[in-house]
Amino acid sequence: MMRYQKFQPTQIFTGSEMLAPGHVLVTDELGEVTDLVTAADAGEDIRQLNGILSPGFINCHCHLELSHMKGLIPEHTGLVDFVFKVVNERHFPEEEIMDAIEKAENEMLANGIVGVGDICNNLSTLPQKTKNKLAYYNFIEVSGWMPSVAATRFERSLSFCNSFAQLQTPNPKPQTVLSPHAPYSVSDNLWQLISQYFAGHTVTIHNQETAFEDALFLNATGDFTRMYGMMNMDTSFFQATGESSLRSYFHKLEKAKQVLLVHNTFTKEADVLYVKQGAQDVSWCICINANQYIEQAVPPVEMLRKNNCRVVVGTDSLASNHSLNILDELKTISRYFPSVPLPELLTWATLNGAKALQMDAHLGSFEKGKKPGVLLIENAENGLLNNASMKRLL
C-alpha cells in the first residue's frame, strides 16, 4: 500500500509563485507530487514545518570535472590568466580527480540541487554519473581556436559525446550535446563541424565573461591577444568582425532548440535586444560568485530583468567558486540586487532552470506527476535570504 507524505510549511513556493499560507504539498513515498491542496482538504498526518517549501534547485552551469582544482587558482586573476591556469594546471592523478568529483556531487546533493548542466571536456565524470544521483544535461565542450586543429578536436569531442550518450538513467533521461566553449576559442571551421549536431538540443556557450571578449571581435585588441601569445598561437588568420562578440557568433546557434548563454557579465542592452529579435529560445545564466572570484564583477541583472529575459542560475566550478550551492548564489544576487523579489529568485533557480535544460517535464515545480525534490528554506525573514539556510526533505 502506497504511503503518502504531507508537508505544511509556513509557505509553499510552487516553482513559479508563492502560495498564501495554509497549503499542503502531498507526495508519495518516492517523492512524486500527488497533490497540492488547502490544509482543510489534506486530511490527517500533516507534517508541520517552519519555512518555505521549494522544489529542488537546478544548477545550469557547472564544471564538475574541475572539482579537484578547488582553491588552486587565486581569486581576482582576471579571465585570461584564469583560463590559462585551468588549461595548464588541471592535470592531477586520476584517483584525486575522481575523489574530488564524488565529493563535489555529494555537496550538490546536500545543497538541494537536483539537476545540473555540466560542462565535460573529457570522460572523468562519467563513472560518477552512472550512479544516477542527479539529473545531468552533459554539454561536451568543444574548443580549438586554430583552424588546423578543427577536425582533430571535433573527432575527439564527438567520441566523448557518444560515450556520455550511452548513459541510462531514470527520468529525466540525460541529454548530451556538443557545445562551443566560447567565442574566442572556437574557429569557424570548428563551428561548422559541430553545428550540425545542435538540432533538438539546448546548446550552451560562455558569453561575454570579460570586457576583452568584445574588444577581440570589435578590433582584434584586448587581453585575449596576450593569451594567444602565451599559448604560442599564430592568430594572423583572425579578422575582427567590427561587432560585439555575441553578434559575431549568435547566428551560428540557429539550429539549436534552446540556447543557454552563461555568465553575460559584460553583456550590453543592445546585445540583449539583438538576441530577442531572433527565433531562438534563450536563457541567460548568472554565476555571480564565480564572476566575483575571477573578475570582481557582477552581471547586469536589472538590465536582464528589464528586458524580460529568462534568467537561470549556475555555480561554475570549484576552481572559480568556494561552493556548489545555489542558495549561496541567490544570496549574493540578492545582496547586489535587493529589488529582486524572493519568488522571482526562486523561479530562476527552479522552473526556469528546468526549462533551460529541458528537464521541466520532471523537475522544477510542484506539479502532479513530477518528482522535483523538496527543500525547506528556513530563516528567510521578510523575504530576505541573508540568514537563510536549507534542508533537503526529499
# chains A, B, ... in the order shown; residues from 1 in each chain; ligands from 1
$ residues_around --residues "Ile46 in chain A" --least-positions-apart "4" --cutoff "8 Å" --atoms "only C-alpha atoms" --output "PDB file with N, CA and C atoms, in the first residue's frame"
ATOM      1  N   GLN A   5       3.138  11.391   1.988  1.00  0.00           N
ATOM      2  CA  GLN A   5       3.738  12.366   2.881  1.00  0.00           C
ATOM      3  C   GLN A   5       3.061  13.709   2.647  1.00  0.00           C
ATOM      4  N   LYS A   6       2.744  14.378   3.744  1.00  0.00           N
ATOM      5  CA  LYS A   6       2.037  15.653   3.655  1.00  0.00           C
ATOM      6  C   LYS A   6       2.844  16.719   4.385  1.00  0.00           C
ATOM      7  N   PHE A   7       3.170  17.785   3.659  1.00  0.00           N
ATOM      8  CA  PHE A   7       4.002  18.857   4.208  1.00  0.00           C
ATOM      9  C   PHE A   7       3.217  20.161   4.236  1.00  0.00           C
ATOM     10  N   GLN A   8       3.115  20.755   5.424  1.00  0.00           N
ATOM     11  CA  GLN A   8       2.506  22.079   5.545  1.00  0.00           C
ATOM     12  C   GLN A   8       3.537  23.040   6.133  1.00  0.00           C
ATOM     13  N   VAL A  24      -0.894  22.564   1.581  1.00  0.00           N
ATOM     14  CA  VAL A  24      -0.202  21.323   1.914  1.00  0.00           C
ATOM     15  C   VAL A  24       0.271  20.658   0.621  1.00  0.00           C
ATOM     16  N   ALA A  42      -6.638  18.373   3.273  1.00  0.00           N
ATOM     17  CA  ALA A  42      -5.469  17.485   3.283  1.00  0.00           C
ATOM     18  C   ALA A  42      -5.618  16.282   4.200  1.00  0.00           C
TER      19      ALA A  42
END
$ select_by_dssp --residues "range 62-264 of chain A" --states "strand (DSSP E)" --output "PyMOL selection string"
chain A and resi 62+113-120+135-142+175-180+202-207+258-263
$ write_last_selection --atoms "N, CA and C atoms" --output "mmCIF file, in the first residue's frame"
data_model
loop_
_atom_site.group_PDB
_atom_site.id
_atom_site.type_symbol
_atom_site.label_atom_id
_atom_site.label_comp_id
_atom_site.auth_asym_id
_atom_site.auth_seq_id
_atom_site.Cartn_x
_atom_site.Cartn_y
_atom_site.Cartn_z
ATOM 1 N N CYS A 62 27.891 24.125 -14.497
ATOM 2 C CA CYS A 62 28.870 23.563 -13.569
ATOM 3 C C CYS A 62 29.975 22.889 -14.381
ATOM 4 N N ILE A 113 20.425 20.533 -4.828
ATOM 5 C CA ILE A 113 20.454 20.548 -6.293
ATOM 6 C C ILE A 113 19.967 19.199 -6.810
ATOM 7 N N VAL A 114 19.071 19.243 -7.806
ATOM 8 C CA VAL A 114 18.518 18.008 -8.365
ATOM 9 C C VAL A 114 18.857 17.837 -9.841
ATOM 10 N N GLY A 115 19.192 18.919 -10.533
ATOM 11 C CA GLY A 115 19.533 18.863 -11.949
ATOM 12 C C GLY A 115 20.710 19.761 -12.245
ATOM 13 N N VAL A 116 21.571 19.342 -13.186
ATOM 14 C CA VAL A 116 22.817 20.056 -13.455
ATOM 15 C C VAL A 116 23.085 20.122 -14.954
ATOM 16 N N GLY A 117 23.438 21.303 -15.437
ATOM 17 C CA GLY A 117 24.011 21.449 -16.757
ATOM 18 C C GLY A 117 25.514 21.406 -16.596
ATOM 19 N N ASP A 118 26.138 20.302 -16.998
ATOM 20 C CA ASP A 118 27.542 20.069 -16.665
ATOM 21 C C ASP A 118 28.416 20.108 -17.909
ATOM 22 N N ILE A 119 29.497 20.874 -17.822
ATOM 23 C CA ILE A 119 30.459 21.004 -18.904
ATOM 24 C C ILE A 119 31.456 19.841 -18.837
ATOM 25 N N CYS A 120 31.652 19.164 -19.968
ATOM 26 C CA CYS A 120 32.520 17.986 -19.994
ATOM 27 C C CYS A 120 33.563 18.137 -21.102
ATOM 28 N N ALA A 135 20.228 14.462 -11.997
ATOM 29 C CA ALA A 135 19.900 14.553 -13.418
ATOM 30 C C ALA A 135 20.917 15.484 -14.083
ATOM 31 N N TYR A 136 21.486 15.047 -15.206
ATOM 32 C CA TYR A 136 22.521 15.836 -15.883
ATOM 33 C C TYR A 136 22.138 16.116 -17.333
ATOM 34 N N TYR A 137 22.432 17.333 -17.771
ATOM 35 C CA TYR A 137 22.496 17.656 -19.184
ATOM 36 C C TYR A 137 23.985 17.819 -19.465
ATOM 37 N N ASN A 138 24.564 16.901 -20.223
ATOM 38 C CA ASN A 138 26.004 16.879 -20.439
ATOM 39 C C ASN A 138 26.372 17.687 -21.678
ATOM 40 N N PHE A 139 27.028 18.815 -21.448
ATOM 41 C CA PHE A 139 27.492 19.660 -22.540
ATOM 42 C C PHE A 139 28.945 19.283 -22.847
ATOM 43 N N ILE A 140 29.162 18.600 -23.954
ATOM 44 C CA ILE A 140 30.518 18.203 -24.339
ATOM 45 C C ILE A 140 31.181 19.425 -24.961
ATOM 46 N N GLU A 141 32.083 20.007 -24.211
ATOM 47 C CA GLU A 141 32.652 21.299 -24.583
ATOM 48 C C GLU A 141 33.725 21.126 -25.658
ATOM 49 N N VAL A 142 33.546 21.878 -26.743
ATOM 50 C CA VAL A 142 34.456 21.803 -27.874
ATOM 51 C C VAL A 142 35.236 23.112 -27.963
ATOM 52 N N GLN A 175 20.551 14.146 -21.461
ATOM 53 C CA GLN A 175 20.853 14.547 -22.821
ATOM 54 C C GLN A 175 22.322 14.932 -22.915
ATOM 55 N N THR A 176 22.862 14.757 -24.088
ATOM 56 C CA THR A 176 24.264 15.055 -24.341
ATOM 57 C C THR A 176 24.367 15.776 -25.669
ATOM 58 N N VAL A 177 25.154 16.845 -25.709
ATOM 59 C CA VAL A 177 25.275 17.622 -26.948
ATOM 60 C C VAL A 177 26.660 18.254 -27.021
ATOM 61 N N LEU A 178 27.167 18.389 -28.220
ATOM 62 C CA LEU A 178 28.382 19.161 -28.435
ATOM 63 C C LEU A 178 28.059 20.636 -28.263
ATOM 64 N N SER A 179 28.904 21.349 -27.524
ATOM 65 C CA SER A 179 28.686 22.776 -27.296
ATOM 66 C C SER A 179 30.005 23.530 -27.413
ATOM 67 N N PRO A 180 29.982 24.704 -28.029
ATOM 68 C CA PRO A 180 31.210 25.502 -28.139
ATOM 69 C C PRO A 180 31.612 26.071 -26.790
ATOM 70 N N THR A 202 19.447 21.808 -26.189
ATOM 71 C CA THR A 202 19.946 23.038 -25.586
ATOM 72 C C THR A 202 21.449 23.079 -25.828
ATOM 73 N N VAL A 203 21.933 24.189 -26.363
ATOM 74 C CA VAL A 203 23.370 24.365 -26.598
ATOM 75 C C VAL A 203 23.833 25.539 -25.747
ATOM 76 N N THR A 204 24.955 25.364 -25.083
ATOM 77 C CA THR A 204 25.451 26.409 -24.182
ATOM 78 C C THR A 204 26.768 26.980 -24.677
ATOM 79 N N ILE A 205 27.081 28.185 -24.223
ATOM 80 C CA ILE A 205 28.353 28.833 -24.545
ATOM 81 C C ILE A 205 28.656 29.870 -23.472
ATOM 82 N N HIS A 206 29.951 29.996 -23.134
ATOM 83 C CA HIS A 206 30.374 31.070 -22.232
ATOM 84 C C HIS A 206 30.291 32.385 -23.016
ATOM 85 N N ASN A 207 29.552 33.342 -22.492
ATOM 86 C CA ASN A 207 29.297 34.574 -23.236
ATOM 87 C C ASN A 207 29.722 35.815 -22.462
ATOM 88 N N GLN A 258 17.241 25.287 -28.000
ATOM 89 C CA GLN A 258 17.377 26.325 -26.984
ATOM 90 C C GLN A 258 18.839 26.728 -26.882
ATOM 91 N N VAL A 259 19.069 27.952 -26.418
ATOM 92 C CA VAL A 259 20.415 28.462 -26.224
ATOM 93 C C VAL A 259 20.561 28.885 -24.768
ATOM 94 N N LEU A 260 21.657 28.480 -24.154
ATOM 95 C CA LEU A 260 21.953 28.838 -22.763
ATOM 96 C C LEU A 260 23.232 29.662 -22.759
ATOM 97 N N LEU A 261 23.078 30.973 -22.580
ATOM 98 C CA LEU A 261 24.211 31.897 -22.545
ATOM 99 C C LEU A 261 24.677 32.033 -21.102
ATOM 100 N N VAL A 262 25.965 31.769 -20.861
ATOM 101 C CA VAL A 262 26.466 31.678 -19.487
ATOM 102 C C VAL A 262 27.402 32.838 -19.158
ATOM 103 N N HIS A 263 27.216 33.387 -18.008
ATOM 104 C CA HIS A 263 27.968 34.493 -17.389
ATOM 105 C C HIS A 263 27.379 35.845 -17.795
#
$ residues_around --residues "Thr125 in chain A" --least-positions-apart "6" --cutoff "9 Å" --atoms "only C-alpha atoms" --output "list in words"
Leu64, Glu65, Met98, Ile101 and Glu102 of chain A
$ atom_distance --atom1 "CA of Glu95 in chain A" --atom2 "CA of Ala182 in chain A"
29.2 Å
$ closest_atom_pairs --of "range 67-166 of chain A" --to "range 214-225 of chain A" --cutoff "10 Å" --atoms "only C-alpha atoms" --output "tab-separated table"
residue	atom	partner	partner_atom	distance
A:Gly78	CA	A:Asp223	CA	9.6
A:Leu79	CA	A:Asp223	CA	9.1
A:Val80	CA	A:Phe224	CA	6.5
A:Asp81	CA	A:Asp223	CA	9.4
$ write_last_selection --atoms "N, CA and C atoms" --output "compact mmCIF listing (two decimals), in the first residue's frame"
# COMPACT_ATOMS: atom_id res chain seq x y z
N GLY A 78 41.52 37.76 -13.17
CA GLY A 78 41.03 38.13 -14.48
C GLY A 78 40.86 36.87 -15.32
N LEU A 79 39.98 36.93 -16.31
CA LEU A 79 39.60 35.72 -17.02
C LEU A 79 40.75 35.09 -17.80
N VAL A 80 41.55 35.90 -18.49
CA VAL A 80 42.60 35.35 -19.33
C VAL A 80 43.59 34.52 -18.52
N ASP A 81 44.06 35.05 -17.40
CA ASP A 81 45.00 34.30 -16.58
C ASP A 81 44.33 33.12 -15.90
$ residues_around --residues "Leu193 in chain A" --least-positions-apart "2" --cutoff "10 Å" --atoms "only C-alpha atoms" --output "list in words"
Ala150, Ala151, Arg153, Phe154, Glu155, Asp188, Asn189, Leu190, Trp191, Ser195, Gln196 and Tyr197 of chain A
$ closest_atom_pairs --of "range 353-375 of chain A" --to "range 33-39 of chain A" --cutoff "7 Å" --atoms "only C-alpha atoms" --output "Markdown table"
| residue | atom | partner | partner_atom | distance |
| --- | --- | --- | --- | --- |
| A:Phe366 | CA | A:Val33 | CA | 6.4 |
| A:Glu367 | CA | A:Val33 | CA | 6.2 |
| A:Lys368 | CA | A:Val33 | CA | 4.9 |
| A:Gly369 | CA | A:Val33 | CA | 5.5 |
| A:Lys370 | CA | A:Val33 | CA | 5.6 |
| A:Lys371 | CA | A:Val33 | CA | 6.1 |
$ write_last_selection --atoms "N, CA and C atoms" --output "PDB file, in the first residue's frame"
ATOM      1  N   PHE A 366       6.220  22.058  -8.369  1.00  0.00           N
ATOM      2  CA  PHE A 366       5.336  21.122  -7.670  1.00  0.00           C
ATOM      3  C   PHE A 366       4.075  20.916  -8.511  1.00  0.00           C
ATOM      4  N   GLU A 367       4.166  20.056  -9.488  1.00  0.00           N
ATOM      5  CA  GLU A 367       3.022  19.696 -10.328  1.00  0.00           C
ATOM      6  C   GLU A 367       2.825  18.197 -10.258  1.00  0.00           C
ATOM      7  N   LYS A 368       1.591  17.779 -10.339  1.00  0.00           N
ATOM      8  CA  LYS A 368       1.252  16.365 -10.206  1.00  0.00           C
ATOM      9  C   LYS A 368       2.036  15.527 -11.209  1.00  0.00           C
ATOM     10  N   GLY A 369       2.650  14.475 -10.720  1.00  0.00           N
ATOM     11  CA  GLY A 369       3.411  13.574 -11.570  1.00  0.00           C
ATOM     12  C   GLY A 369       4.897  13.873 -11.620  1.00  0.00           C
ATOM     13  N   LYS A 370       5.295  15.059 -11.191  1.00  0.00           N
ATOM     14  CA  LYS A 370       6.718  15.396 -11.162  1.00  0.00           C
ATOM     15  C   LYS A 370       7.367  14.880  -9.875  1.00  0.00           C
ATOM     16  N   LYS A 371       8.665  14.696  -9.960  1.00  0.00           N
ATOM     17  CA  LYS A 371       9.462  14.292  -8.792  1.00  0.00           C
ATOM     18  C   LYS A 371      10.605  15.291  -8.653  1.00  0.00           C
TER      19      LYS A 371
END
$ atom_distance --atom1 "CA of Ile333 in chain A" --atom2 "CA of Thr210 in chain A"
18.6 Å
$ atom_distance --atom1 "CA of Lys355 in chain A" --atom2 "CA of Leu342 in chain A"
19.2 Å
$ residues_around --residues "Val272 in chain A" --least-positions-apart "5" --cutoff "9 Å" --atoms "only C-alpha atoms" --output "PyMOL selection string"
chain A and resi 267+277+303-304+307+309
$ write_last_selection --atoms "N, CA and C atoms" --output "compact mmCIF listing (two decimals), in the first residue's frame"
# COMPACT_ATOMS: atom_id res chain seq x y z
N THR A 267 27.62 41.82 -20.86
CA THR A 267 26.65 41.95 -21.94
C THR A 267 25.94 43.29 -21.84
N GLN A 277 15.43 39.57 -30.94
CA GLN A 277 14.85 39.65 -32.28
C GLN A 277 14.84 38.29 -32.98
N MET A 303 19.22 44.90 -15.91
CA MET A 303 19.00 45.08 -17.33
C MET A 303 18.34 43.83 -17.93
N LEU A 304 18.77 42.66 -17.51
CA LEU A 304 18.14 41.43 -17.99
C LEU A 304 16.68 41.36 -17.56
N ASN A 307 14.38 43.62 -19.59
CA ASN A 307 14.09 43.12 -20.93
C ASN A 307 13.43 41.74 -20.93
N CYS A 309 14.13 38.84 -19.78
CA CYS A 309 14.94 37.68 -20.13
C CYS A 309 14.66 36.54 -19.15
$ select_by_dssp --residues "range 107-264 of chain A" --states "helix (DSSP H, G or I)" --output "ChimeraX atom specification"
/A:107-110,126-129,147-164,183-185,188-197,211-219,223-230,245-253
$ closest_residue --among "A:Gln280, A:Thr10, A:Asn321, A:Thr265" --to "Lys252 in chain A" --atoms "only C-alpha atoms"
A:Gln280
$ closest_residue --among "A:Val186, A:Val275, A:Val83, A:Leu393" --to "Gly373 in chain A" --atoms "only C-alpha atoms"
A:Leu393
$ closest_residue --among "A:Pro74, A:Glu302, A:Ile58, A:Gln168" --to "Glu329 in chain A" --atoms "only C-alpha atoms"
A:Ile58
$ closest_residue --among "A:Pro9, A:Thr27, A:Asn121, A:Leu273" --to "Val87 in chain A" --atoms "only C-alpha atoms"
A:Asn121
$ residues_around --residues "Ala297 in chain A" --least-positions-apart "2" --cutoff "9 Å" --atoms "only C-alpha atoms" --output "NGL selection string"
:A and (265-266 or 288 or 291-295 or 299)
$ closest_residue --among "A:Ile73, A:Val311, A:Met18, A:Leu330" --to "Ser54 in chain A" --atoms "only C-alpha atoms"
A:Met18
$ closest_residue --among "A:Lys268, A:His61, A:Arg392, A:Arg156" --to "Gln208 in chain A" --atoms "only C-alpha atoms"
A:Lys268
